[in-house]
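What follows is the content of my_file.tsv, which has TSV, C-alpha atoms:
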```
chain	number	residue	atom	x	y	z
A	4	MET	CA	-1.92	20.69	20.03
A	5	THR	CA	-2.50	20.60	16.29
A	6	LYS	CA	-3.56	17.21	14.99
A	7	VAL	CA	-2.13	15.83	11.76
A	8	PRO	CA	-4.91	14.66	9.39
A	9	PHE	CA	-4.06	11.67	7.22
A	10	ILE	CA	-5.40	8.69	5.33
A	11	LEU	CA	-3.69	5.32	5.79
A	12	ASP	CA	-3.53	3.29	2.55
A	13	THR	CA	-2.64	-0.22	3.63
A	14	ASP	CA	-2.46	-3.91	2.83
A	15	THR	CA	-2.86	-4.71	6.54
A	16	ALA	CA	-0.42	-7.38	7.54
A	17	GLN	CA	1.49	-7.34	10.85
A	18	ASP	CA	3.45	-4.09	10.47
A	19	ASP	CA	0.41	-2.34	9.05
A	20	CYS	CA	-1.66	-3.29	12.11
A	21	VAL	CA	0.94	-1.51	14.26
A	22	ALA	CA	0.72	1.55	11.97
A	23	ILE	CA	-3.07	1.57	12.41
A	24	LEU	CA	-2.62	1.48	16.18
A	25	PHE	CA	-0.25	4.47	16.04
A	26	GLY	CA	-2.76	6.32	13.88
A	27	LEU	CA	-5.54	5.58	16.35
A	28	LEU	CA	-3.74	6.07	19.64
A	29	ASP	CA	-1.22	8.87	19.06
A	30	GLU	CA	-2.81	12.06	20.35
A	31	ARG	CA	-1.31	14.05	17.45
A	32	ALA	CA	-2.82	11.78	14.78
A	33	ASP	CA	-6.14	12.46	13.05
A	34	LEU	CA	-6.74	9.25	11.09
A	35	ARG	CA	-9.52	10.15	8.62
A	36	ALA	CA	-9.84	6.81	6.82
A	37	ILE	CA	-8.23	3.46	6.21
A	38	THR	CA	-8.08	2.54	2.53
A	39	MET	CA	-7.37	-1.05	1.59
A	40	VAL	CA	-5.13	-2.12	-1.31
A	41	ALA	CA	-4.09	-5.61	-2.46
A	42	GLY	CA	-0.78	-6.59	-0.96
A	43	ASN	CA	0.91	-9.06	1.34
A	44	VAL	CA	-1.97	-11.30	2.41
A	45	GLY	CA	-5.29	-12.26	0.81
A	46	PHE	CA	-7.55	-9.25	0.29
A	47	GLU	CA	-10.48	-10.41	2.44
A	48	ARG	CA	-7.98	-11.28	5.19
A	49	GLN	CA	-6.57	-7.74	5.00
A	50	ILE	CA	-10.00	-6.24	5.60
A	51	LYS	CA	-10.53	-8.49	8.61
A	52	ASN	CA	-7.08	-7.58	9.94
A	53	ALA	CA	-7.96	-3.87	9.81
A	54	GLN	CA	-11.27	-4.53	11.57
A	55	MET	CA	-9.55	-6.61	14.27
A	56	THR	CA	-6.98	-3.87	14.82
A	57	LEU	CA	-9.67	-1.23	15.22
A	58	ASN	CA	-11.47	-3.57	17.61
A	59	ALA	CA	-8.30	-4.18	19.67
A	60	ALA	CA	-7.92	-0.42	20.09
A	61	GLY	CA	-11.56	-0.01	21.09
A	62	LYS	CA	-12.15	2.04	17.91
A	63	LEU	CA	-14.20	-0.32	15.73
A	64	GLY	CA	-16.58	1.92	13.78
A	65	ALA	CA	-14.68	5.10	14.67
A	66	VAL	CA	-12.59	5.20	11.48
A	67	PRO	CA	-14.10	4.24	8.12
A	68	ILE	CA	-12.56	1.38	6.17
A	69	HIS	CA	-12.79	1.75	2.38
A	70	VAL	CA	-12.12	-1.24	0.14
A	71	GLY	CA	-9.91	-0.38	-2.81
A	72	CYS	CA	-8.07	-2.14	-5.59
A	73	SER	CA	-8.16	-5.85	-4.85
A	74	GLN	CA	-5.59	-6.80	-7.50
A	75	PRO	CA	-2.29	-5.29	-8.62
A	76	MET	CA	-2.54	-2.99	-11.61
A	77	LEU	CA	-0.33	-4.77	-14.14
A	78	ARG	CA	0.47	-8.24	-12.85
A	79	GLU	CA	-1.04	-11.14	-10.96
A	80	TRP	CA	-1.19	-10.88	-7.17
A	81	VAL	CA	1.70	-12.66	-5.42
A	82	SER	CA	1.26	-13.70	-1.80
A	83	ALA	CA	3.80	-12.87	0.89
A	84	GLU	CA	1.94	-15.01	3.41
A	85	ASP	CA	5.06	-17.16	3.82
A	86	VAL	CA	6.54	-14.07	5.53
A	87	HIS	CA	3.46	-12.55	7.18
A	88	GLY	CA	1.23	-15.57	7.82
A	89	ASP	CA	-2.33	-14.30	7.97
A	90	GLY	CA	-1.06	-10.92	9.19
A	91	THR	CA	-2.33	-11.17	12.76
A	92	GLY	CA	-0.96	-14.39	14.16
A	93	GLY	CA	-4.24	-16.28	13.84
A	94	LEU	CA	-6.35	-13.87	15.91
A	95	SER	CA	-10.05	-13.51	15.21
A	96	ILE	CA	-13.15	-11.67	16.39
A	97	ASP	CA	-16.88	-11.91	15.72
A	98	PHE	CA	-17.20	-10.17	12.35
A	99	THR	CA	-21.00	-10.17	12.25
A	100	THR	CA	-21.20	-6.54	13.41
A	101	THR	CA	-18.31	-5.20	11.33
A	102	HIS	CA	-18.70	-3.38	8.04
A	103	VAL	CA	-16.80	-1.49	5.38
A	104	GLU	CA	-17.92	1.66	3.62
A	105	ASP	CA	-19.72	1.46	0.28
A	106	GLU	CA	-17.46	4.16	-1.19
A	107	HIS	CA	-14.44	2.75	-3.04
A	108	ALA	CA	-11.06	3.60	-1.49
A	109	VAL	CA	-9.95	5.58	-4.55
A	110	ASP	CA	-13.08	7.73	-4.39
A	111	ALA	CA	-12.56	8.23	-0.66
A	112	LEU	CA	-8.96	9.35	-1.26
A	113	LEU	CA	-10.16	11.83	-3.89
A	114	ARG	CA	-13.10	13.12	-1.81
A	115	ILE	CA	-11.25	13.56	1.49
A	116	THR	CA	-8.24	15.32	-0.02
A	117	ALA	CA	-10.41	17.54	-2.27
A	118	ALA	CA	-12.50	18.64	0.73
A	119	GLN	CA	-9.39	20.15	2.35
A	120	PRO	CA	-6.83	20.73	-0.40
A	121	GLY	CA	-3.26	20.74	0.86
A	122	GLU	CA	-4.22	19.72	4.39
A	123	VAL	CA	-4.57	15.92	4.41
A	124	SER	CA	-1.55	13.65	3.97
A	125	VAL	CA	-1.58	10.09	2.63
A	126	VAL	CA	0.55	7.42	4.28
A	127	ALA	CA	0.83	4.56	1.79
A	128	ILE	CA	2.31	1.49	3.45
A	129	GLY	CA	1.29	-1.05	0.82
A	130	PRO	CA	1.47	-1.15	-2.96
A	131	LEU	CA	0.58	2.16	-4.63
A	132	THR	CA	-2.26	0.81	-6.75
A	133	ASN	CA	-4.95	2.95	-5.09
A	134	ILE	CA	-2.71	6.02	-5.32
A	135	ALA	CA	-1.96	5.48	-9.01
A	136	THR	CA	-5.63	4.88	-9.74
A	137	ALA	CA	-6.54	8.11	-7.94
A	138	VAL	CA	-3.99	10.04	-10.02
A	139	VAL	CA	-5.31	8.55	-13.26
A	140	LYS	CA	-8.93	9.22	-12.25
A	141	ASP	CA	-8.34	12.82	-11.13
A	142	ARG	CA	-5.06	14.60	-11.83
A	143	THR	CA	-5.86	17.24	-9.16
A	144	PHE	CA	-5.35	14.54	-6.52
A	145	VAL	CA	-1.60	15.23	-6.59
A	146	LYS	CA	-2.16	18.91	-5.75
A	147	ASN	CA	-4.79	18.17	-3.12
A	148	VAL	CA	-2.58	15.85	-1.06
A	149	LYS	CA	-0.43	17.69	1.49
A	150	SER	CA	2.26	15.00	1.57
A	151	LEU	CA	2.57	11.43	0.34
A	152	TYR	CA	4.62	9.12	2.53
A	153	ILE	CA	5.43	5.65	1.24
A	154	MET	CA	6.95	2.62	2.90
A	155	GLY	CA	9.31	0.44	0.95
A	156	GLY	CA	12.61	-1.27	1.22
A	157	SER	CA	14.22	-3.89	3.34
A	158	ASN	CA	16.37	-3.85	6.44
A	159	ASN	CA	18.50	-6.78	5.29
A	160	GLY	CA	18.78	-6.41	1.51
A	161	ARG	CA	16.51	-9.37	0.82
A	162	GLY	CA	13.04	-9.27	-0.67
A	163	ASN	CA	9.96	-11.14	0.44
A	164	THR	CA	8.52	-11.60	-3.07
A	165	ILE	CA	11.57	-11.86	-5.31
A	166	SER	CA	15.20	-11.83	-4.24
A	167	ALA	CA	15.66	-8.11	-4.92
A	168	SER	CA	12.31	-6.66	-3.89
A	169	VAL	CA	9.82	-6.58	-1.06
A	170	SER	CA	6.22	-6.94	-2.18
A	171	SER	CA	5.29	-3.25	-1.90
A	172	CYS	CA	8.36	-2.07	-3.84
A	173	LEU	CA	7.81	-4.58	-6.61
A	174	CYS	CA	4.28	-3.22	-7.04
A	175	VAL	CA	5.52	0.37	-6.66
A	176	SER	CA	8.00	0.03	-9.54
A	177	ILE	CA	5.30	-1.40	-11.80
A	178	VAL	CA	2.89	1.41	-10.88
A	179	TYR	CA	5.58	4.08	-11.43
A	180	LYS	CA	6.26	2.62	-14.88
A	181	TYR	CA	2.53	2.69	-15.62
A	182	LEU	CA	2.19	6.32	-14.55
A	183	LEU	CA	5.30	7.49	-16.39
A	184	ASN	CA	4.19	5.87	-19.63
A	185	ARG	CA	0.76	7.53	-19.41
A	186	SER	CA	1.61	10.96	-18.08
A	187	GLY	CA	1.35	13.87	-20.44
```

As structure tokens, please, write out the structure in this file.
Amino acid sequence: MTKVPFILDTDTAQDDCVAILFGLLDERADLRAITMVAGNVGFERQIKNAQMTLNAAGKLGAVPIHVGCSQPMLREWVSAEDVHGDGTGGLSIDFTTTHVEDEHAVDALLRITAAQPGEVSVVAIGPLTNIATAVVKDRTFVKNVKSLYIMGGSNNGRGNTISASVSSCLCVSIVYKYLLNRSG
């Protein structure tokens, strides 16, 4: 069976923890890295949520976690903790043995996709700040990524940040505007 290599770019709240589990436990998945981006819950909490999820799957240390953009690109961070709580329902572990990689998430995205051009996909389930930063930093990133999958939208037509937008989509529209205004 051919495995599907991908990087998960996430803001690690509840739904993202489930996505990490799929990436870790599906036999077809080859999760190369988890890259963290500012999103639904506080940034340090997001990192802990990713570490707890890896720990729950018995994979702590098996997949590198890279810390990325800790603030939105063009606006102040807005919490969606009223929807997601802390992102894990109050769970905790001993974090004294956990770590994150020294390499920034954007640099990890660029390095991993450049090492195997056209073979590694990116699944972006949070705001696209890391993705936009990677494009601005190295325009070949777009060509090196096999596929970019993004999560956005709402199942009930209501937003969790403003009435017409979920948090990730609000950030996505701002990032798209940024990229369009700066593309040549």

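Here CA of Leu113 in chain A and CA of Pro8 in chain A stand 14.6 Å from one another.
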
Mind listing whatever residues come within 9 Å of the point (-1.2, 17.1, 5.1)? Use all atoms listed in the file, file coordinates, and give them as a tab-separated table (two decimals) with C-alpha atoms, in the frame of the given file.
```
chain	number	residue	atom	x	y	z
A	7	VAL	CA	-2.13	15.83	11.76
A	8	PRO	CA	-4.91	14.66	9.39
A	9	PHE	CA	-4.06	11.67	7.22
A	116	THR	CA	-8.24	15.32	-0.02
A	120	PRO	CA	-6.83	20.73	-0.40
A	121	GLY	CA	-3.26	20.74	0.86
A	122	GLU	CA	-4.22	19.72	4.39
A	123	VAL	CA	-4.57	15.92	4.41
A	124	SER	CA	-1.55	13.65	3.97
A	125	VAL	CA	-1.58	10.09	2.63
A	148	VAL	CA	-2.58	15.85	-1.06
A	149	LYS	CA	-0.43	17.69	1.49
A	150	SER	CA	2.26	15.00	1.57
A	151	LEU	CA	2.57	11.43	0.34
```

### Query
Closest to Ile23 in chain A among A:Met4, A:Asn43, A:Ala59, A:Glu104, using all atoms listed in the file?
A:Ala59

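Put simply, CA of Arg78 in chain A is 11.6 Å away from CA of Ala41 in chain A.
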
### Task
Determine the nearest neighbour of Thr99 in chain A from the options A:Arg31, A:Lys140, A:Gln54, A:Asp14, counting only C-alpha atoms.
A:Gln54

### Point (-15.4, -1.7, 3.0), cut-off 8 Å, counting all atoms listed in the file, residues as a PyMOL selection string
chain A and resi 50+67-70+102-107

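Counting from CA of Glu30 in chain A, the distance to CA of Ile153 in chain A is 21.8 Å.
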
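With distances taken over all atoms listed in the file, A:Cys20 is the one residue among A:Cys20, A:Met76, A:Ile10, A:Ala135 lying closest to Asn52 in chain A.
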